[in-house]
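*Asks:* Structure file final-v5.txt (compact mmCIF, C-alpha atoms) is given on the next line.
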# COMPACT_ATOMS: atom_id res chain seq x y z
CA MET A 267 0.00 0.00 0.00
CA SER A 268 1.50 3.37 -1.00
CA LEU A 269 1.30 6.59 0.96
CA SER A 270 -1.95 8.48 0.45
CA LEU A 271 -1.51 11.94 -1.10
CA LEU A 272 -4.46 13.45 0.74
CA LEU A 273 -3.35 12.12 4.11
CA SER A 274 0.16 13.44 3.47
CA ILE A 275 -1.25 16.90 2.71
CA TYR A 276 -3.29 16.79 5.91
CA VAL A 277 -0.33 15.76 8.07
CA VAL A 278 1.86 18.57 6.62
CA PHE A 279 -0.95 21.05 7.23
CA LEU A 280 -1.27 19.90 10.85
CA LEU A 281 2.47 20.31 11.40
CA ILE A 282 2.51 23.91 10.09
CA TYR A 283 -0.71 24.72 11.93
CA GLY A 284 0.63 23.32 15.19
CA THR A 285 3.84 25.36 14.92
CA VAL A 286 2.13 28.70 14.23
CA LEU A 287 -0.67 28.28 16.74
CA GLY A 288 1.72 26.83 19.30
CA PHE A 289 3.64 30.10 19.14
CA ALA A 290 0.42 32.09 19.59
CA VAL A 291 -0.58 30.01 22.62
CA TYR A 292 2.89 30.42 24.13
CA LYS A 293 2.60 34.18 23.67
CA VAL A 294 -0.76 34.27 25.46
CA PHE A 295 0.55 32.23 28.39
CA MET A 296 3.58 34.49 28.72
CA PHE A 297 1.28 37.50 28.62
CA ALA A 298 -0.94 36.00 31.30
CA ARG A 299 2.05 35.74 33.64
CA ASN A 300 1.79 39.47 34.21
CA GLN A 301 -0.56 39.90 37.16
CA ASP A 302 -1.76 43.32 36.00
CA LEU A 303 -2.84 42.04 32.61
CA LYS A 304 -4.56 38.84 33.71
CA GLY A 305 -7.97 38.25 32.21
CA TYR A 306 -9.74 35.46 30.43
CA SER A 307 -6.87 34.75 28.04
CA LYS A 308 -6.10 31.30 29.48
CA ARG A 309 -9.74 30.20 29.40
CA MET A 310 -10.06 31.37 25.82
CA THR A 311 -6.88 29.53 24.82
CA PHE A 312 -8.07 26.33 26.47
CA ALA A 313 -11.40 26.58 24.67
CA PHE A 314 -9.61 27.07 21.36
CA LEU A 315 -7.22 24.16 21.95
CA THR A 316 -10.10 21.87 22.94
CA THR A 317 -11.95 22.74 19.71
CA VAL A 318 -8.85 22.13 17.59
CA PHE A 319 -8.09 18.76 19.21
CA PHE A 320 -11.72 17.72 18.90
CA ILE A 321 -11.77 18.52 15.15
CA VAL A 322 -8.51 16.64 14.53
CA PHE A 323 -9.66 13.65 16.61
CA ILE A 324 -13.01 13.40 14.80
CA THR A 325 -11.26 13.73 11.43
CA PHE A 326 -8.90 10.83 12.17
CA LEU A 327 -11.80 8.78 13.53
CA ILE A 328 -13.81 9.22 10.31
CA ILE A 329 -11.03 8.82 7.77
CA ARG A 330 -10.02 5.43 9.17
CA SER A 331 -13.10 3.85 7.60
CA TYR A 332 -12.28 4.97 4.06
CA ASP A 333 -10.10 3.29 1.42
CA TRP A 334 -7.21 5.59 0.61
CA ASN A 335 -6.31 4.38 -2.86
CA ASP A 336 -4.98 7.78 -3.92
CA GLY A 337 -1.29 6.94 -3.68
CA PHE A 338 1.27 7.81 -6.34
CA SER A 339 1.47 4.24 -7.65
CA PHE A 340 -2.32 4.03 -8.03
CA TYR A 341 -2.53 7.08 -10.30
CA CYS A 342 0.68 6.11 -12.11
CA LYS A 343 -0.75 2.69 -12.94
CA GLN A 344 -3.88 4.34 -14.24
CA VAL A 345 -1.78 6.34 -16.69
CA PHE A 346 0.87 3.66 -17.50
CA PRO A 347 -0.87 0.31 -17.03
CA ASN A 348 1.93 -1.85 -18.57
CA SER A 349 4.97 -0.33 -16.87
CA CYS A 350 6.68 -1.35 -13.64
CA PHE A 351 8.27 1.97 -12.64
CA CYS A 352 5.04 2.97 -10.83
CA GLU A 353 5.95 0.52 -8.07
CA ILE A 354 7.69 2.41 -5.27
CA SER A 355 9.63 -0.38 -3.53
CA ALA A 356 12.41 -2.35 -5.26
CA ASP A 357 10.86 -5.69 -4.33
CA ALA A 358 7.51 -4.73 -5.83
CA GLN A 359 9.29 -3.55 -8.98
CA LYS A 360 11.15 -6.88 -9.22
CA ALA A 361 7.95 -8.87 -8.71
CA CYS A 362 6.20 -6.74 -11.32
CA GLN A 363 9.04 -7.32 -13.79
CA GLU A 364 8.98 -11.10 -13.19
CA ALA A 365 5.21 -11.19 -13.64
CA LYS A 366 5.59 -9.18 -16.84
CA ASN A 367 8.26 -11.60 -18.16
CA ALA A 368 6.13 -14.60 -17.25
CA LYS A 369 3.20 -13.08 -19.03
CA ALA A 370 5.28 -12.46 -22.15
CA LEU A 371 6.58 -16.03 -22.05
CA GLN A 372 3.07 -17.38 -21.65
CA LYS A 373 1.96 -15.32 -24.63
CA GLN A 374 4.86 -16.63 -26.70
CA THR A 375 4.08 -20.23 -25.73
CA ASN A 376 0.44 -19.75 -26.56
CA SER A 377 1.22 -18.40 -30.04
CA ALA A 378 3.67 -21.30 -30.67
CA ASN A 379 1.02 -23.79 -29.67
CA ILE A 380 -1.48 -22.15 -31.99
CA ASN A 381 1.06 -22.39 -34.87
CA THR A 382 1.67 -26.07 -34.14
CA ILE A 383 -2.05 -26.74 -34.10
CA ASN A 384 -2.45 -24.90 -37.40
CA GLN A 385 0.31 -26.99 -39.00
CA LEU A 386 -1.40 -30.27 -38.12
CA PRO A 387 -3.12 -32.05 -41.09
CA LYS A 388 -6.78 -31.40 -41.26
CA THR A 389 -8.90 -34.43 -40.77
CA MET B 134 12.44 42.62 31.90
CA GLU B 135 11.53 38.98 32.44
CA ALA B 136 10.81 36.80 29.42
CA GLY B 137 7.29 37.31 28.23
CA ILE B 138 6.40 40.11 30.62
CA LEU B 139 5.64 43.07 28.46
CA ILE B 140 6.29 46.00 30.75
CA ASN B 141 8.93 46.95 33.24
CA LEU B 142 7.58 49.12 36.03
CA TYR B 143 9.72 51.51 38.07
CA GLU B 144 10.17 50.90 41.78
CA ASP B 145 7.55 53.38 42.95
CA GLU B 146 5.29 52.95 39.93
CA LYS B 147 1.78 51.55 40.30
CA VAL B 148 -0.69 50.46 37.63
CA VAL B 149 -3.81 52.57 37.98
CA LEU B 150 -5.83 51.46 34.99
CA VAL B 151 -5.66 48.71 32.37
CA ILE B 152 -8.04 49.28 29.48
CA ARG B 153 -8.82 46.98 26.61
CA ARG B 154 -10.79 47.92 23.57
CA HIS B 155 -14.54 47.38 23.72
CA TRP B 156 -15.87 44.12 22.24
CA LEU B 157 -17.31 46.23 19.39
CA ALA B 158 -13.77 46.30 18.00
CA PHE B 159 -13.85 42.49 17.88
CA LEU B 160 -17.36 42.30 16.43
CA GLN B 161 -16.11 42.35 12.82
CA SER B 162 -13.98 39.25 13.39
CA ILE B 163 -16.88 37.46 15.10
CA LEU B 164 -19.15 38.19 12.13
CA ILE B 165 -16.54 37.03 9.60
CA THR B 166 -16.08 33.78 11.56
CA LEU B 167 -19.84 33.18 11.65
CA VAL B 168 -20.11 33.75 7.88
CA LEU B 169 -17.23 31.33 7.26
CA LEU B 170 -18.92 28.68 9.42
CA LEU B 171 -22.20 29.16 7.58
CA VAL B 172 -20.41 28.78 4.23
CA PHE B 173 -18.85 25.58 5.57
CA VAL B 174 -22.17 24.04 6.61
CA ILE B 175 -23.84 24.84 3.26
CA GLY B 176 -20.81 23.75 1.22
CA PHE B 177 -20.38 20.47 3.12
CA PHE B 178 -23.96 19.32 2.58
CA LEU B 179 -23.94 20.37 -1.07
CA LEU B 180 -20.77 18.43 -1.83
CA TYR B 181 -21.85 15.40 0.20
CA SER B 182 -25.14 15.18 -1.68
CA ARG B 183 -23.25 15.34 -5.01
CA ILE B 184 -21.03 12.40 -4.03
CA ASN B 185 -24.07 10.17 -3.53
CA SER B 186 -26.05 11.69 -6.36
CA ALA B 187 -27.89 9.34 -8.72
CA ASN B 188 -27.67 11.92 -11.47
CA PRO B 189 -24.42 11.19 -13.38
CA ALA B 190 -24.12 14.85 -14.44
CA LEU B 191 -23.96 15.97 -10.82
CA CYS B 192 -22.06 13.02 -9.39
CA LEU B 193 -18.49 13.80 -8.34
CA THR B 194 -17.20 10.25 -8.42
CA THR B 195 -15.24 8.93 -11.42
CA PRO B 196 -13.39 5.63 -12.04
CA LEU B 197 -10.27 7.32 -10.63
CA ILE B 198 -12.02 9.00 -7.67
CA THR B 199 -14.00 6.34 -5.93
CA ASP B 200 -16.92 7.00 -3.62
CA SER B 201 -14.81 6.21 -0.55
CA LEU B 202 -11.96 8.45 -1.67
CA ALA B 203 -14.30 11.36 -2.46
CA LYS B 204 -15.87 11.13 1.00
CA GLY B 205 -12.46 10.94 2.64
CA ALA B 206 -11.25 13.97 0.69
CA LEU B 207 -14.34 15.90 1.73
CA VAL B 208 -13.70 15.11 5.39
CA ILE B 209 -10.04 16.15 5.15
CA PHE B 210 -10.71 19.43 3.35
CA SER B 211 -13.56 20.18 5.78
CA SER B 212 -11.20 19.63 8.67
CA ILE B 213 -8.59 21.96 7.11
CA TYR B 214 -11.25 24.60 6.48
CA LEU B 215 -12.63 24.42 10.03
CA LEU B 216 -9.17 24.54 11.60
CA SER B 217 -8.27 27.58 9.49
CA THR B 218 -11.51 29.33 10.47
CA PHE B 219 -10.87 28.77 14.16
CA ALA B 220 -7.26 29.87 13.74
CA PHE B 221 -8.47 33.09 12.12
CA PHE B 222 -10.83 33.64 15.05
CA TYR B 223 -8.15 32.95 17.64
CA ILE B 224 -5.52 35.18 15.99
CA SER B 225 -8.09 38.00 15.62
CA TRP B 226 -8.97 37.61 19.28
CA LEU B 227 -5.26 37.68 20.16
CA ASP B 228 -4.85 40.88 18.17
CA TYR B 229 -7.81 42.40 20.01
CA TYR B 230 -7.00 41.11 23.48
CA LEU B 231 -3.29 41.93 23.55
CA ASP B 232 -3.90 45.57 22.57
CA ILE B 233 -3.67 47.30 25.91
CA PHE B 234 -3.86 50.87 27.10
CA MET B 235 -2.23 51.09 30.51
CA ILE B 236 -2.09 54.07 32.83
CA THR B 237 0.26 54.11 35.80
CA ASN B 238 0.88 56.88 38.30
CA LYS B 239 3.88 57.98 36.19
CA ARG B 240 3.18 57.25 32.55
CA ILE B 241 0.81 56.11 29.84
CA LEU B 242 1.61 52.96 27.90
CA ARG B 243 0.16 51.54 24.74
CA ILE B 244 0.91 47.92 23.89
CA GLU B 245 -0.24 47.18 20.39
CA GLN B 246 -0.28 43.64 19.05
CA LEU B 247 0.42 43.46 15.30
CA VAL B 248 -1.28 40.22 14.19
CA LEU B 249 0.94 37.40 15.49
CA PHE B 250 4.57 38.27 14.97
CA GLY B 251 4.75 41.93 15.90
CA GLN B 252 4.30 44.21 18.85
CA ASN B 253 4.49 47.96 19.26
CA ILE B 254 4.95 49.47 22.72
CA SER B 255 4.78 53.25 23.01
CA GLU B 256 4.80 55.29 26.17
CA THR B 257 4.79 58.83 27.42
CA SER B 258 5.24 60.19 30.92
CA LEU B 259 2.33 62.04 32.47
CA GLN B 260 4.39 65.23 32.67
CA HIS B 261 4.54 65.36 28.86
CA VAL B 262 0.77 65.19 28.50
CA GLN B 263 -0.53 68.56 27.36
CA ASP B 264 -4.15 67.88 26.62
CA VAL B 265 -6.59 64.99 26.92
CA SER B 266 -9.87 64.86 25.04
CA SER B 267 -12.51 62.26 24.22
CA LYS B 268 -14.94 61.71 21.36
CA VAL B 269 -18.08 59.57 20.99
CA ARG B 270 -19.64 59.46 17.53
CA GLY B 271 -22.42 57.33 16.02
CA ILE B 272 -25.65 55.79 17.26
CA ILE B 273 -24.30 52.45 18.49
CA TYR B 274 -21.25 54.10 20.03
CA THR B 275 -23.40 56.64 21.87
CA VAL B 276 -25.74 53.94 23.16
CA LEU B 277 -22.85 51.80 24.37
CA ASN B 278 -20.80 54.86 25.42
CA VAL B 279 -17.78 53.81 23.39
CA GLY B 280 -15.41 56.34 21.88
CA THR B 281 -11.87 57.56 21.36
CA VAL B 282 -9.48 59.17 23.82
CA PHE B 283 -6.91 61.60 22.38
CA ILE B 284 -3.78 62.47 24.30
CA GLU B 285 -1.67 65.36 23.04
CA THR B 286 1.93 65.31 24.15
CA ALA B 287 4.52 68.07 24.31
CA GLY B 288 7.08 68.73 21.60
CA GLU B 289 7.80 66.27 18.83
CA ARG B 290 6.53 63.24 20.75
CA ALA B 291 3.85 61.26 18.97
CA ASN B 292 0.30 61.89 20.10
CA PHE B 293 -1.73 59.00 21.47
CA SER B 294 -5.20 57.99 20.43
CA PHE B 295 -7.12 55.00 21.77
CA ASN B 296 -10.23 53.95 20.00
CA PHE B 297 -13.10 51.68 21.12
CA ILE B 298 -12.69 52.76 24.74
CA LYS B 299 -15.57 52.33 27.15
CA ASP B 300 -16.46 55.61 28.94
CA PRO B 301 -13.85 57.74 27.13
CA ALA B 302 -14.75 60.90 29.05
CA GLU B 303 -14.20 59.11 32.34
CA VAL B 304 -10.80 57.83 31.17
CA ALA B 305 -9.77 61.31 30.01
CA ALA B 306 -10.78 62.78 33.37
CA GLN B 307 -8.84 60.09 35.18
CA ILE B 308 -5.68 60.87 33.21
CA LEU B 309 -5.96 64.57 33.99
CA GLU B 310 -6.57 63.75 37.65
CA LEU B 311 -3.44 61.59 37.74
CA GLN B 312 -1.41 64.35 36.12
CA LYS B 313 -2.69 66.79 38.71
CA GLU B 314 -1.68 64.42 41.50
CA MET B 315 1.74 63.99 39.94
CA TRP B 316 2.43 67.73 39.77
CA GLY B 317 1.24 68.03 43.35
CA ASP B 318 3.79 65.48 44.46
CA GLU B 319 6.99 67.43 45.19
CA GLY B 320 9.21 64.42 45.09
CA PHE B 321 8.58 63.81 41.40
CA LYS B 322 10.63 66.20 39.35
CA GLU B 323 12.95 63.98 37.36
CA ASP B 324 12.48 63.49 33.68
CA LEU B 325 11.52 59.85 33.15
CA THR B 326 13.33 59.55 29.83
CA LEU B 327 16.55 60.84 31.37
CA GLU B 328 16.08 58.48 34.29
CA ARG B 329 15.71 55.58 31.89
CA LYS B 330 18.85 56.61 29.94
CA ASN B 331 20.86 56.69 33.16
CA GLU B 332 19.52 53.29 34.13
CA LYS B 333 20.67 51.88 30.80
CA ILE B 334 24.15 53.41 31.17
CA GLU B 335 24.45 51.98 34.66
CA LYS B 336 23.48 48.56 33.38
CA MET B 337 26.07 48.80 30.59
CA ASN B 338 28.91 49.81 32.90
CA THR B 339 28.54 47.20 35.60
CA GLY B 340 31.91 46.05 36.94
CA ASP B 341 33.84 49.32 36.43
CA PRO B 342 32.69 51.92 38.98
CA LEU B 343 34.97 54.70 37.69
CA ARG B 344 33.87 54.27 34.10
CA LYS B 345 30.28 53.99 35.23
CA LYS B 346 30.51 57.33 37.06
CA GLU B 347 32.22 59.03 34.12
CA GLU B 348 29.68 57.74 31.62
CA THR B 349 26.74 58.76 33.78
CA GLU B 350 28.15 62.27 34.24
CA LYS B 351 28.86 62.52 30.51
CA ALA B 352 25.31 61.44 29.65
CA ARG B 353 23.85 63.94 32.08
CA ALA B 354 26.07 66.73 30.75
CA MET B 355 25.12 65.89 27.18
CA GLU B 356 21.46 65.85 28.08
CA THR B 357 21.63 69.22 29.79
CA ASN B 358 23.65 70.67 26.89
CA TYR B 359 21.03 69.45 24.51
CA GLN B 360 18.36 71.15 26.54
CA GLY B 361 20.37 74.38 26.34
CA GLU B 362 20.96 74.75 30.05
CA ILE B 363 24.76 74.60 29.92
CA LYS B 364 26.85 75.65 26.92
CA LYS B 365 29.85 73.54 26.02
CA GLU B 366 33.34 75.09 25.99
CA PRO B 367 34.81 75.21 22.46
CA HIS B 368 37.72 72.95 21.65
CA ILE B 369 41.24 74.31 22.20
CA LEU B 370 42.10 74.22 18.47
CA VAL B 371 38.91 76.11 17.64
CA LYS B 372 39.89 78.63 20.29
CA LYS B 373 43.32 79.16 18.68
CA ILE B 374 41.84 79.56 15.21
CA LEU B 375 39.39 82.10 16.56
CA ASP B 376 42.24 84.04 18.21
CA ILE B 377 44.20 84.14 14.94
CA GLY B 378 41.10 85.26 13.10
CA ASN B 379 40.49 88.01 15.64
CA LYS B 380 44.07 89.22 15.28
CA LEU B 381 43.82 89.31 11.51
CA MET B 382 40.57 91.22 11.73
CA LYS B 383 42.25 93.67 14.07
CA THR B 384 45.17 94.25 11.69
CA LYS B 385 42.78 94.70 8.81
CA GLU B 386 40.78 97.23 10.74
CA GLU B 387 43.92 99.26 11.56
CA PRO B 388 45.42 100.68 8.39
CA ASN B 389 49.15 100.49 7.95
CA ILE B 390 50.12 104.03 8.58
CA PRO B 391 53.78 105.07 8.25
CA ILE B 392 54.79 105.79 11.82
CA GLU B 393 58.26 107.05 11.01
CA GLU B 394 59.74 108.67 8.00
CA LYS B 395 63.48 108.90 7.67
CA THR B 396 65.69 110.40 5.10
CA GLU B 397 69.23 109.03 5.08
CA PRO B 398 71.99 110.49 2.98
CA LYS B 399 73.83 107.75 1.12
CA ASN B 400 76.49 108.40 -1.46
CA GLY B 401 75.34 111.98 -1.69
CA LYS B 402 71.78 110.95 -2.43
CA ILE B 403 68.85 111.34 -0.02
CA LEU B 404 67.03 108.04 0.46
CA LYS B 405 63.55 107.77 1.95
CA GLN B 406 62.63 105.00 4.39
CA ASN B 407 59.11 104.32 5.69
CA HIS B 408 58.36 102.32 8.88
CA TYR B 409 54.84 100.83 9.14
CA SER B 410 52.79 99.70 12.19
CA ASP B 411 52.98 96.01 11.16
CA GLY B 412 56.77 96.21 11.27
CA ARG B 413 57.46 96.60 7.56
CA LYS B 414 60.19 98.85 6.40
CA ILE B 415 60.07 100.13 2.85
CA THR B 416 63.40 101.14 1.49
CA PRO B 417 64.45 102.07 -2.07
CA ASN B 418 65.91 98.52 -2.30
CA GLY B 419 62.59 96.84 -1.43
CA VAL B 420 60.42 95.73 1.50
CA ILE B 421 62.15 94.43 4.62
CA TRP B 422 59.93 92.54 7.10
CA GLN B 423 60.40 92.80 10.87
CA SER B 424 61.87 89.31 11.19
CA GLU B 425 64.34 90.08 8.40
CA GLN B 426 65.23 93.35 10.02
CA GLU B 427 65.99 91.54 13.31
CA ILE B 428 68.15 88.98 11.53
CA SER B 429 70.01 91.58 9.53
CA GLU B 430 70.67 93.61 12.69
CA ASP B 431 72.07 90.51 14.37
CA ILE B 432 74.29 89.79 11.38
CA LEU B 433 75.53 93.39 11.36
CA ASP B 434 76.38 93.20 15.05
CA THR B 435 78.27 89.97 14.51
CA LEU B 436 80.17 91.47 11.58
CA ASN B 437 81.05 94.59 13.59
CA GLU B 438 82.38 92.46 16.41
CA MET B 439 84.51 90.48 13.98
CA GLU B 440 85.91 93.66 12.42
CA GLY B 441 86.58 95.13 15.84
So that I can check it, write out the structure of this file as structure tokens.
*Replies:*
Amino acid sequence: MSLSLLLSIYVVFLLIYGTVLGFAVYKVFMFARNQDLKGYSKRMTFAFLTTVFFIVFITFLIIRSYDWNDGFSFYCKQVFPNSCFCEISADAQKACQEAKNAKALQKQTNSANINTINQLPKT
Amino acid sequence: MEAGILINLYEDEKVVLVIRRHWLAFLQSILITLVLLLVFVIGFFLLYSRINSANPALCLTTPLITDSLAKGALVIFSSIYLLSTFAFFYISWLDYYLDIFMITNKRILRIEQLVLFGQNISETSLQHVQDVSSKVRGIIYTVLNVGTVFIETAGERANFSFNFIKDPAEVAAQILELQKEMWGDEGFKEDLTLERKNEKIEKMNTGDPLRKKEETEKARAMETNYQGEIKKEPHILVKKILDIGNKLMKTKEEPNIPIEEKTEPKNGKILKQNHYSDGRKITPNGVIWQSEQEISEDILDTLNEMEG
């Protein structure tokens, strides 16, 4: 199974999102350290973080049930159905090549058999 | 200043008032967030119905994009959209909440948050405040008593204005009251900016008490010179050049008048000699300067001694 493109995009988005918003949250907590400026900043930040974690959790819960056949090799095979370079791993490429060779050999054998049958005297 | 703490109060400084903008300033962001959420709800159901649509013209699935993949993609993009919407709301709130107008018994501070990666802190001491005024304009603002406070400061210092302030007239009155209290306090006469400069110099020169003292005195002298209270003595070279200039001016002003006129008989002829006030002597053979005259007299004396 190859890596899903959509899931990869989502993970990268979460990483960038976490970095930027993590900085914002840090800033608010540092700000709240000042006794004179204390307010509802911490409560607001907790509410925001809870919402974000809830959305991410629900998303992962839902997407588990789907088939993620949107990997690179899937789309590559759709475009080049007879080539083996769409396989990502070396083992899969080797297996693909062997299967391709076997198929070619089978085809050759089949055509030879047909020729032999054709050469037989008709009864 | 400790990490994260935005302001550094003086020893005898007390925070009198911390004002944040009224929630009306944040209303725009709330409305935008609500609109974005509404768009999300409508968009999600529209797209979901098209995935399961029986009508092939409307159906989003193709042999390449299966039903399962289309639903998964919808969930992922919905999640990204929702997270971005909440991030927008949170950053807008941060921008609103971290904008602070702080009044202490010595100064006025404005801490302005610039989105996420910027902050602008401006301050002025109460003694530089010249005028404080407030303005409330518009129906909603009048009903909620929300307006702007303007603070005019002396000289070239930037003026302050704080918008979306609750009870602006009350805030303006409070500032003026604080200023009045400050002027009434006899112990408070130092300029805060000068005080801060000295503090910085002292911090820089820790470890060398002599240097520290010198630097502090120098800074104070420079500050007072700048204010025009003490005038600096000119440099010694400048002084010399000025003296020379004065002398030249003097000599120009006084015309070279012949002070002595002599007629000396030489080889039966009468020769005229003029002596001037600058020491020149004009003879029929040419001009002889004072220095040359002195030298020639010395040479003559020496020659006379040798002959003798």
*Asks:* From the list B:Gln312, B:Ser212, B:Asn238, B:Gln260, which residue is nearest Phe323 (chain A) when using only C-alpha atoms?
*Replies:*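 Counting only C-alpha atoms, the residue closest to Phe323 (chain A) is B:Ser212.
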*Asks:* Point out the residue among A:Phe346, A:Phe326, A:Tyr332, A:Tyr292 with the least atom-to-atom distance to chain B, counting all atoms listed in the file.
*Replies:*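 For chain B, the nearest of the candidates is A:Tyr332.
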*Asks:* Please measure the separation of CA of Gln263 (chain B) and CA of Tyr143 (chain B), giving the value in Å to one decimal.
*Replies:*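 Going from CA of Gln263 (chain B) over to CA of Tyr143 (chain B) covers 22.6 Å.
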*Asks:* Quick one: which residues from chain A are at most 7 Å off chain B, using only C-alpha atoms, as a PyMOL selection string?
*Replies:* chain A and resi 272+276+290+296-297+299-300+318+321+325+329+332-334
*Asks:* In Å, with one decimal, what is the gap from CA of Thr218 (chain B) to CA of Leu170 (chain B)?
*Replies:*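 Answer for the CA of Thr218 (chain B) to CA of Leu170 (chain B) separation: 7.5 Å.
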*Asks:* Counting all atoms listed in the file, select every polymer residue within 7 Å of (0.9, 54.8, 27.0) as defined in the file's coordinates, and provide the selection as a list in words.
*Replies:*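 Every polymer residue passing the test: Phe234, Met235, Ile236, Arg240, Ile241, Leu242, Arg243, Ser255, Glu256 and Thr257 of chain B.
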*Asks:* What is the CA of Val279 (chain B) to CA of Ala305 (chain B) distance in Å?
*Replies:*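 According to the coordinates, CA of Val279 (chain B) and CA of Ala305 (chain B) are separated by 12.8 Å.
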*Asks:* Residues within 9 Å of region 365-367 of chain A, please, as a PyMOL selection string. Count all atoms listed in the file; anything in the same chain fewer than 6 positions from it doesn't count.
*Replies:* chain A and resi 348-350
*Asks:* Which residues come within 10 Å of Phe351 (chain A), counting all atoms listed in the file, excluding same-chain residues fewer than 6 positions away, as a list in words?
*Replies:*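 That gives Ser339, Cys342, Lys343, Ala358, Gln359, Lys360, Cys362 and Gln363 of chain A.
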